[in-house]
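Structure below is final.cif: mmCIF, C-alpha atoms and all ligand atoms.
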```
data_start
#
loop_
_atom_site.label_atom_id
_atom_site.label_comp_id
_atom_site.auth_asym_id
_atom_site.auth_seq_id
_atom_site.Cartn_x
_atom_site.Cartn_y
_atom_site.Cartn_z
CA MET A 23 -38.03 46.68 -47.49
CA ASN A 24 -34.40 46.67 -48.60
CA SER A 25 -33.26 48.00 -45.28
CA GLN A 26 -35.26 45.22 -43.63
CA ILE A 27 -33.37 42.71 -45.77
CA GLU A 28 -29.98 44.35 -45.10
CA THR A 29 -30.40 44.51 -41.38
CA PRO A 30 -30.28 40.74 -40.86
CA ASN A 31 -27.14 40.65 -43.08
CA ILE A 32 -25.45 43.21 -40.84
CA LEU A 33 -26.62 41.25 -37.80
CA LEU A 34 -25.34 38.06 -39.37
CA ARG A 35 -21.92 39.65 -39.95
CA CYS A 36 -21.88 40.92 -36.35
CA GLU A 37 -22.89 37.50 -35.01
CA LYS A 38 -20.15 35.92 -37.09
CA LEU A 39 -17.66 38.46 -35.77
CA ASN A 40 -18.90 37.89 -32.22
CA SER A 41 -18.62 34.15 -32.59
CA GLU A 42 -15.07 34.52 -33.95
CA ILE A 43 -14.14 36.72 -30.99
CA GLY A 44 -15.87 34.26 -28.65
CA PHE A 45 -13.89 31.36 -30.06
CA LEU A 46 -10.65 33.29 -29.68
CA GLU A 47 -11.62 34.22 -26.14
CA ILE A 48 -12.37 30.60 -25.28
CA ILE A 49 -8.93 29.56 -26.57
CA THR A 50 -7.32 32.40 -24.61
CA ILE A 51 -9.16 31.41 -21.42
CA PHE A 52 -8.28 27.74 -21.96
CA VAL A 53 -4.59 28.52 -22.48
CA SER A 54 -4.59 30.90 -19.48
CA MET A 55 -6.17 28.22 -17.26
CA ARG A 56 -3.55 25.68 -18.34
CA ILE A 57 -0.78 28.17 -17.58
CA ILE A 58 -2.30 28.87 -14.14
CA LEU A 59 -2.62 25.12 -13.36
CA LEU A 60 0.91 24.38 -14.58
CA SER A 61 2.27 27.28 -12.54
CA LEU A 62 0.39 26.05 -9.46
CA SER A 63 1.79 22.52 -9.94
CA LEU A 64 5.28 23.99 -10.26
CA VAL A 65 4.85 26.01 -7.08
CA LEU A 66 3.63 22.91 -5.22
CA LEU A 67 6.54 20.86 -6.55
CA ILE A 68 9.04 23.51 -5.50
CA SER A 69 7.42 23.91 -2.09
CA GLY A 70 7.51 20.12 -1.59
CA LEU A 71 3.76 19.75 -1.26
CA PRO A 72 2.23 16.67 -2.91
CA VAL A 73 0.90 17.36 -6.40
CA SER A 74 -1.68 14.66 -5.67
CA VAL A 75 -3.70 17.28 -3.80
CA PHE A 76 -5.42 17.49 -7.18
CA CYS A 77 -6.26 13.78 -6.99
CA GLN A 78 -8.64 11.95 -4.73
CA PRO A 79 -6.57 10.54 -1.83
CA LYS A 80 -6.79 6.74 -1.53
CA THR A 81 -6.67 4.51 1.52
CA ILE A 82 -4.15 1.66 1.76
CA LEU A 83 -4.54 -0.92 4.51
CA ALA A 84 -1.68 -3.36 5.05
CA ILE A 85 -2.50 -6.36 7.26
CA PHE A 86 0.37 -8.24 8.86
CA ALA A 87 1.00 -10.75 11.65
CA HIS A 88 3.77 -8.98 13.60
CA PRO A 89 5.18 -5.55 14.37
CA ASP A 90 8.08 -5.20 11.83
CA ASP A 91 6.41 -7.23 9.02
CA GLU A 92 5.47 -4.01 7.24
CA ASN A 93 9.13 -3.09 6.84
CA ILE A 94 9.43 -5.33 3.80
CA ILE A 95 7.31 -2.78 1.92
CA GLY A 96 8.34 0.21 4.02
CA HIS A 97 9.54 2.21 0.98
CA VAL A 98 6.25 1.64 -0.86
CA LEU A 99 4.15 2.65 2.17
CA ALA A 100 6.33 5.77 2.58
CA LYS A 101 5.86 6.63 -1.10
CA TYR A 102 2.06 6.62 -0.94
CA ALA A 103 1.96 8.50 2.36
CA ARG A 104 4.29 11.13 0.83
CA SER A 105 1.89 11.41 -2.11
CA GLY A 106 -0.94 12.36 0.23
CA HIS A 107 -2.68 8.99 0.59
CA LYS A 108 -3.92 7.49 3.85
CA VAL A 109 -1.71 4.52 4.75
CA GLN A 110 -2.30 2.34 7.79
CA VAL A 111 -1.00 -0.98 9.10
CA LEU A 112 -3.14 -3.50 10.99
CA ILE A 113 -1.05 -5.82 13.14
CA ALA A 114 -2.59 -9.09 14.35
CA THR A 115 -0.30 -10.05 17.24
CA ASP A 116 2.08 -8.10 19.48
CA GLY A 117 4.85 -10.52 18.53
CA LYS A 118 5.48 -11.19 22.21
CA GLU A 119 7.26 -14.47 21.43
CA GLY A 120 9.73 -12.76 19.10
CA THR A 121 12.93 -12.91 21.12
CA ARG A 122 14.96 -12.96 17.90
CA VAL A 123 17.89 -10.68 18.73
CA THR A 124 16.93 -9.51 22.20
CA SER A 125 17.61 -10.78 25.71
CA ILE A 126 14.16 -9.57 26.82
CA PRO A 127 12.15 -12.71 27.62
CA ALA A 128 9.02 -13.66 25.68
CA GLY A 129 5.84 -12.24 27.16
CA ASP A 130 3.70 -9.15 27.53
CA SER A 131 6.67 -6.85 28.29
CA LEU A 132 8.31 -7.78 24.99
CA GLY A 133 4.94 -7.35 23.25
CA ALA A 134 4.62 -3.83 24.68
CA ILE A 135 8.16 -2.92 23.50
CA ARG A 136 7.46 -4.30 20.03
CA ARG A 137 4.29 -2.22 19.80
CA GLN A 138 6.33 0.89 20.63
CA GLU A 139 8.90 -0.09 17.98
CA SER A 140 6.09 -0.35 15.45
CA ILE A 141 4.71 3.08 16.38
CA CYS A 142 8.25 4.50 15.92
CA ALA A 143 8.58 2.75 12.52
CA CYS A 144 5.21 4.00 11.21
CA GLU A 145 6.18 7.54 12.24
CA ALA A 146 9.49 7.16 10.36
CA LEU A 147 7.60 6.02 7.26
CA GLY A 148 5.23 8.97 7.55
CA ILE A 149 2.17 6.71 7.74
CA LEU A 150 -0.64 6.64 10.31
CA PRO A 151 0.00 4.96 13.69
CA PRO A 152 -0.52 1.16 13.56
CA VAL A 153 -3.68 -0.54 14.75
CA PHE A 154 -3.00 -3.50 17.06
CA LEU A 155 -5.36 -6.44 17.45
CA HIS A 156 -3.40 -7.99 20.37
CA LEU A 157 -4.16 -11.58 19.34
CA ASP A 158 -2.28 -14.22 21.29
CA ARG A 159 -0.81 -16.36 18.49
CA LEU A 160 -1.83 -17.59 15.07
CA ASP A 161 -0.45 -21.12 15.19
CA THR A 162 -1.09 -24.28 17.18
CA LYS A 163 1.79 -23.68 19.60
CA ILE A 164 -0.87 -22.37 22.02
CA GLY A 165 -3.04 -25.47 21.47
CA VAL A 166 -5.48 -26.21 18.65
CA ARG A 167 -8.59 -24.80 20.37
CA LYS A 168 -6.91 -21.52 21.34
CA TYR A 169 -5.45 -21.18 17.86
CA LEU A 170 -8.87 -21.72 16.23
CA ASN A 171 -10.36 -19.06 18.52
CA CYS A 172 -7.59 -16.58 17.62
CA ARG A 173 -8.07 -17.31 13.93
CA LYS A 174 -11.81 -16.69 14.22
CA GLN A 175 -11.14 -13.46 16.09
CA LEU A 176 -8.81 -12.36 13.29
CA LEU A 177 -11.52 -13.08 10.69
CA ASP A 178 -13.97 -10.87 12.61
CA GLU A 179 -11.43 -8.07 13.21
CA VAL A 180 -10.22 -7.98 9.60
CA LYS A 181 -13.80 -7.76 8.36
CA LYS A 182 -14.62 -5.05 10.90
CA HIS A 183 -11.60 -2.89 10.01
CA ILE A 184 -12.14 -3.23 6.27
CA GLU A 185 -15.74 -2.08 6.69
CA LEU A 186 -14.59 0.77 8.91
CA LEU A 187 -11.75 2.04 6.71
CA GLN A 188 -13.21 1.19 3.28
CA PRO A 189 -9.68 0.78 1.85
CA ASP A 190 -9.00 1.22 -1.87
CA VAL A 191 -6.14 -1.26 -1.60
CA LEU A 192 -5.34 -4.12 0.76
CA ILE A 193 -1.88 -5.60 1.20
CA THR A 194 -0.79 -8.76 3.03
CA PHE A 195 1.81 -11.49 2.57
CA GLY A 196 1.27 -13.99 -0.22
CA PRO A 197 0.36 -17.62 0.51
CA ASP A 198 4.10 -18.30 0.93
CA GLY A 199 4.15 -16.06 4.01
CA GLU A 200 7.34 -14.39 2.71
CA TYR A 201 9.48 -17.34 3.89
CA GLY A 202 6.95 -19.87 5.15
CA HIS A 203 6.31 -18.27 8.57
CA SER A 204 3.14 -19.97 9.82
CA GLU A 205 1.60 -16.80 11.33
CA HIS A 206 2.26 -14.85 8.11
CA ILE A 207 0.55 -17.63 6.14
CA VAL A 208 -2.48 -17.74 8.48
CA THR A 209 -2.85 -13.93 8.34
CA SER A 210 -2.70 -14.02 4.53
CA ALA A 211 -5.24 -16.86 4.40
CA VAL A 212 -7.62 -15.02 6.74
CA VAL A 213 -7.56 -11.83 4.62
CA GLN A 214 -8.28 -13.89 1.49
CA GLU A 215 -11.01 -15.82 3.31
CA VAL A 216 -12.76 -12.60 4.38
CA LEU A 217 -12.75 -11.31 0.79
CA LEU A 218 -14.04 -14.62 -0.60
CA ARG A 219 -16.64 -15.09 2.13
CA GLU A 220 -18.02 -11.56 1.79
CA GLY A 221 -17.80 -11.36 -2.02
CA TRP A 222 -15.31 -8.49 -1.69
CA VAL A 223 -12.52 -9.63 -4.04
CA GLU A 224 -13.31 -6.91 -6.59
CA LYS A 225 -14.46 -4.30 -4.06
CA TYR A 226 -11.23 -4.35 -2.04
CA PRO A 227 -8.32 -5.22 -4.35
CA LEU A 228 -5.72 -7.27 -2.47
CA PHE A 229 -2.02 -7.29 -3.35
CA PHE A 230 0.77 -9.60 -2.17
CA PRO A 231 4.35 -8.27 -2.08
CA ALA A 232 6.59 -10.70 -3.94
CA PHE A 233 10.15 -11.22 -5.11
CA THR A 234 11.61 -12.57 -8.33
CA LYS A 235 14.08 -15.45 -8.32
CA SER A 236 16.99 -13.12 -9.10
CA GLU A 237 16.04 -10.85 -6.16
CA VAL A 238 16.31 -13.70 -3.62
CA ASN A 239 19.43 -15.27 -5.14
CA ASN A 240 21.49 -14.95 -1.99
CA ASP A 241 18.80 -16.15 0.40
CA ASP A 242 17.43 -19.69 0.24
CA ASP A 243 14.70 -18.96 2.79
CA ILE A 244 12.83 -16.19 0.97
CA SER A 245 10.06 -17.29 -1.40
CA PHE A 246 9.87 -16.10 -4.98
CA VAL A 247 7.33 -15.96 -7.79
CA ASP A 248 7.77 -16.24 -11.56
CA GLU A 249 7.96 -12.72 -12.96
CA LYS A 250 5.06 -13.28 -15.39
CA TYR A 251 2.65 -13.41 -12.42
CA LEU A 252 3.92 -10.19 -10.86
CA ASN A 253 1.39 -7.81 -12.33
CA LEU A 254 2.30 -4.67 -10.38
CA LYS A 255 5.67 -2.93 -10.26
CA VAL A 256 5.83 0.00 -7.85
CA LYS A 257 8.70 2.45 -8.26
CA TYR A 258 9.82 4.32 -5.17
CA SER A 259 12.33 7.09 -4.58
CA ASP A 260 15.66 7.07 -2.74
CA ASP A 261 13.97 9.25 -0.12
CA ASP A 262 11.28 6.57 0.43
CA GLU A 263 14.07 4.04 0.82
CA MET A 264 15.77 6.24 3.45
CA LYS A 265 12.51 6.26 5.43
CA MET A 266 12.47 2.46 5.27
CA PHE A 267 16.00 2.35 6.76
CA LYS A 268 15.00 4.81 9.49
CA ALA A 269 11.93 2.64 10.28
CA ALA A 270 14.06 -0.54 10.42
CA LYS A 271 16.27 1.12 13.04
CA CYS A 272 13.22 1.36 15.34
CA TYR A 273 13.14 -2.43 15.66
CA LEU A 274 15.94 -2.86 18.19
CA THR A 275 14.53 -6.19 19.44
CA GLN A 276 14.33 -7.64 15.94
CA PHE A 277 17.27 -6.48 13.82
CA THR A 278 20.95 -6.34 14.69
CA GLU A 279 23.02 -3.37 13.56
CA SER A 280 24.78 -5.55 10.98
CA GLU A 281 21.40 -6.75 9.60
CA ILE A 282 20.26 -3.16 9.18
CA GLN A 283 23.57 -2.30 7.51
CA GLU A 284 23.09 -5.27 5.17
CA LEU A 285 19.59 -4.03 4.32
CA ILE A 286 20.95 -0.55 3.57
CA THR A 287 23.79 -1.94 1.42
CA ASP A 288 21.48 -4.27 -0.54
CA GLU A 289 18.83 -1.65 -1.14
CA THR A 290 21.18 1.18 -2.09
CA THR A 291 23.18 -1.10 -4.42
CA ASP A 292 19.96 -1.94 -6.24
CA LYS A 293 19.30 1.19 -8.29
CA LEU A 294 16.04 -0.02 -9.84
CA ASN A 295 13.96 0.91 -6.76
CA ILE A 296 11.12 -1.41 -7.74
CA MET A 297 8.87 -3.50 -5.50
CA TYR A 298 6.79 -6.21 -7.11
CA PHE A 299 3.25 -7.18 -6.16
CA ARG A 300 0.79 -9.82 -7.31
CA GLN A 301 -2.92 -9.08 -7.25
CA PHE A 302 -5.28 -11.63 -5.71
CA ILE A 303 -7.65 -12.34 -8.57
CA VAL A 304 -10.52 -14.81 -8.64
CA THR A 305 -12.31 -15.75 -11.86
CA THR A 306 -16.04 -16.29 -11.87
CA GLY A 307 -18.16 -18.37 -14.23
CA ASN A 308 -20.42 -21.36 -14.66
CA ARG A 309 -18.33 -24.07 -16.24
CA THR A 310 -19.38 -27.68 -15.99
CA ASP A 311 -16.00 -29.28 -16.70
CA PHE A 312 -12.55 -28.59 -15.28
CA TRP A 313 -11.06 -28.29 -18.79
CA GLU A 314 -13.93 -26.42 -20.44
ZN ZN A 401 6.56 -11.59 10.99
#
```

Just dump the structure as structure tokens.
Ligand SMILES: [Zn+2]
Amino acid sequence: MNSQIETPNILLRCEKLNSEIGFLEIITIFVSMRIILLSLSLVLLISGLPVSVFCQPKTILAIFAHPDDENIIGHVLAKYARSGHKVQVLIATDGKEGTRVTSIPAGDSLGAIRRQESICACEALGILPPVFLHLDRLDTKIGVRKYLNCRKQLLDEVKKHIELLQPDVLITFGPDGEYGHSEHIVTSAVVQEVLLREGWVEKYPLFFPAFTKSEVNNDDDISFVDEKYLNLKVKYSDDDEMKMFKAAKCYLTQFTESEIQELITDETTDKLNIMYFRQFIVTTGNRTDFWE
């Protein structure tokens, strides 16, 4: 009888001992796992591989009017590609009228060269090759009817590519079109229209690159936004910036050597390495008065 009573006590002591050992073992395993993970991260950092292999890669789709438009956020695109994310640019027109700093006449030949320049730039940034929509123009210079057709085509194409790529983030110019360029503004408006029309504002978060007043101090043409509305600050590295310079050098028909040098000087002088963005946000509700 006594032995029957004592046995459970012995068992109890053993169970307690086992549970103490078990607890210690769990802590040991936990600490060991952390050490292994930290060591692995260190190895990946040293070997230059992106640590974000541990994270779910995201898809960023930037939609612009012309080959070269993406260069304004080249460092940011390079940063996310370097971190292992899928980054792609969708370009509405071939920019075949863009004779800016080239003697090549406007037309399909210039469009073909500009497409090649864009492929070169995307490679320099380390992002996927660009997708071209080959639209004629996005303003009324080609006539109102033709413009409306091109705009409608852009609506359809933007919707199609968003559905195809399922991006986690969309980027396009803000309603200011960077400096009021009509084709930038129309492209921006079309992306917003697609999101509003399809009810996709929350599903596909859209961001506009933007500048503060102090950033555009020396340039009257560039638009700016009050800093309180810039709700995303992206920090990039000097290496990302170097990729942006390399990409800019691809655009021989668009930038002179002195313009590229000016870009390099401005960017390297600015040590903050921050690009601002503003998210396109729409409120919902059922108010019955404007001031409710
Ligand atoms: Zn442009």

Find the distance between atom CA of A:Arg122 and atom CA of A:Phe229 and write it in Å to one decimal.
->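 Separating atom CA of A:Arg122 from atom CA of A:Phe229 is a distance of 27.8 Å.
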
Test item: residues lying within 12 Å of ligand ZN 401 (chain A) with all atoms listed in the file, as a short mmCIF file (atom, residue, chain, number, x, y, z; two decimals) with C-alpha atoms, in the frame of the given file:
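Written output follows (out.cif):
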```
data_model
loop_
_atom_site.label_atom_id
_atom_site.label_comp_id
_atom_site.auth_asym_id
_atom_site.auth_seq_id
_atom_site.Cartn_x
_atom_site.Cartn_y
_atom_site.Cartn_z
CA ILE A 85 -2.50 -6.36 7.26
CA PHE A 86 0.37 -8.24 8.86
CA ALA A 87 1.00 -10.75 11.65
CA HIS A 88 3.77 -8.98 13.60
CA PRO A 89 5.18 -5.55 14.37
CA ASP A 90 8.08 -5.20 11.83
CA ASP A 91 6.41 -7.23 9.02
CA GLU A 92 5.47 -4.01 7.24
CA ASN A 93 9.13 -3.09 6.84
CA ILE A 94 9.43 -5.33 3.80
CA ILE A 113 -1.05 -5.82 13.14
CA ALA A 114 -2.59 -9.09 14.35
CA THR A 115 -0.30 -10.05 17.24
CA ASP A 116 2.08 -8.10 19.48
CA GLY A 117 4.85 -10.52 18.53
CA LYS A 118 5.48 -11.19 22.21
CA GLU A 119 7.26 -14.47 21.43
CA GLY A 120 9.73 -12.76 19.10
CA ARG A 122 14.96 -12.96 17.90
CA ARG A 136 7.46 -4.30 20.03
CA ARG A 159 -0.81 -16.36 18.49
CA LEU A 160 -1.83 -17.59 15.07
CA THR A 194 -0.79 -8.76 3.03
CA PHE A 195 1.81 -11.49 2.57
CA GLY A 199 4.15 -16.06 4.01
CA GLU A 200 7.34 -14.39 2.71
CA TYR A 201 9.48 -17.34 3.89
CA GLY A 202 6.95 -19.87 5.15
CA HIS A 203 6.31 -18.27 8.57
CA SER A 204 3.14 -19.97 9.82
CA GLU A 205 1.60 -16.80 11.33
CA HIS A 206 2.26 -14.85 8.11
CA ILE A 207 0.55 -17.63 6.14
CA VAL A 208 -2.48 -17.74 8.48
CA THR A 209 -2.85 -13.93 8.34
CA SER A 210 -2.70 -14.02 4.53
CA GLN A 276 14.33 -7.64 15.94
#
```

With only C-alpha atoms as the counted atoms, please give the residues lying no more than 12 Å from stretch 102-110 of chain A, apart from itself and same-chain residues fewer than 6 positions off, as an NGL selection string. :A and (67 or 70-86 or 92 or 95-96 or 140-141 or 143-154 or 183-184 or 187-193 or 256-259 or 261-262 or 265)

- Message: Would you compute the distance between atom CA of A:Tyr298 and atom CA of A:Thr234? Give it in Å to one decimal.
- Response: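 Separation of atom CA of A:Tyr298 and atom CA of A:Thr234: 8.1 Å.
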
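Closest approach to A:Arg219 from the set A:Val238, A:Asp243, A:Asp178, A:Lys250 is made by A:Asp178, with distances taken over all atoms listed in the file.
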
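Shortest atom-to-atom contact with A:Val223 among A:Val304, A:Phe299, A:Cys172, A:Thr290: A:Val304, counting only C-alpha atoms.
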
Can you list, as a PyMOL selection string, every protein, DNA or RNA residue that comes within 8 Å of A:Lys271 when you count all atoms listed in the file, leaving out same-chain residues fewer than 4 positions away?
chain A and resi 143+267+277+282

Taking (0.7, -10.8, -4.8) in the file's own coordinates, collect the residues within 7 Å, counting all atoms listed in the file, and hand them back as a PDB file with C-alpha atoms, keeping the file's coordinate frame.
```pdb
ATOM      1  CA  GLY A 196       1.270 -13.990  -0.220  1.00  0.00           C
ATOM      2  CA  PHE A 229      -2.020  -7.290  -3.350  1.00  0.00           C
ATOM      3  CA  PHE A 230       0.770  -9.600  -2.170  1.00  0.00           C
ATOM      4  CA  PRO A 231       4.350  -8.270  -2.080  1.00  0.00           C
ATOM      5  CA  ALA A 232       6.590 -10.700  -3.940  1.00  0.00           C
ATOM      6  CA  LEU A 252       3.920 -10.190 -10.860  1.00  0.00           C
ATOM      7  CA  PHE A 299       3.250  -7.180  -6.160  1.00  0.00           C
ATOM      8  CA  ARG A 300       0.790  -9.820  -7.310  1.00  0.00           C
ATOM      9  CA  GLN A 301      -2.920  -9.080  -7.250  1.00  0.00           C
ATOM     10  CA  PHE A 302      -5.280 -11.630  -5.710  1.00  0.00           C
TER      11      PHE A 302
END
```

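The space between atom CA of A:Asp242 and atom CA of A:Asn295 spans 22.0 Å.
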
Box centre and edge lengths (Å, one decimal), axis-aligned, stretch 80-83 of chain A plus 5 Å each side, as JSON:
```
{"center_x": -5.5, "center_y": 2.9, "center_z": 1.5, "size_x": 12.6, "size_y": 17.7, "size_z": 16.0}
```

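The smallest atom-to-atom distance between A:Ile244 and any of A:Asp198, A:His156, A:Ile126, A:Thr306, using all atoms listed in the file, is found for A:Asp198.
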
Judged by all atoms listed in the file, the minimum distance to A:Ile286 among A:Phe312, A:Asp260, A:Leu274, A:Ile135 is found for A:Asp260
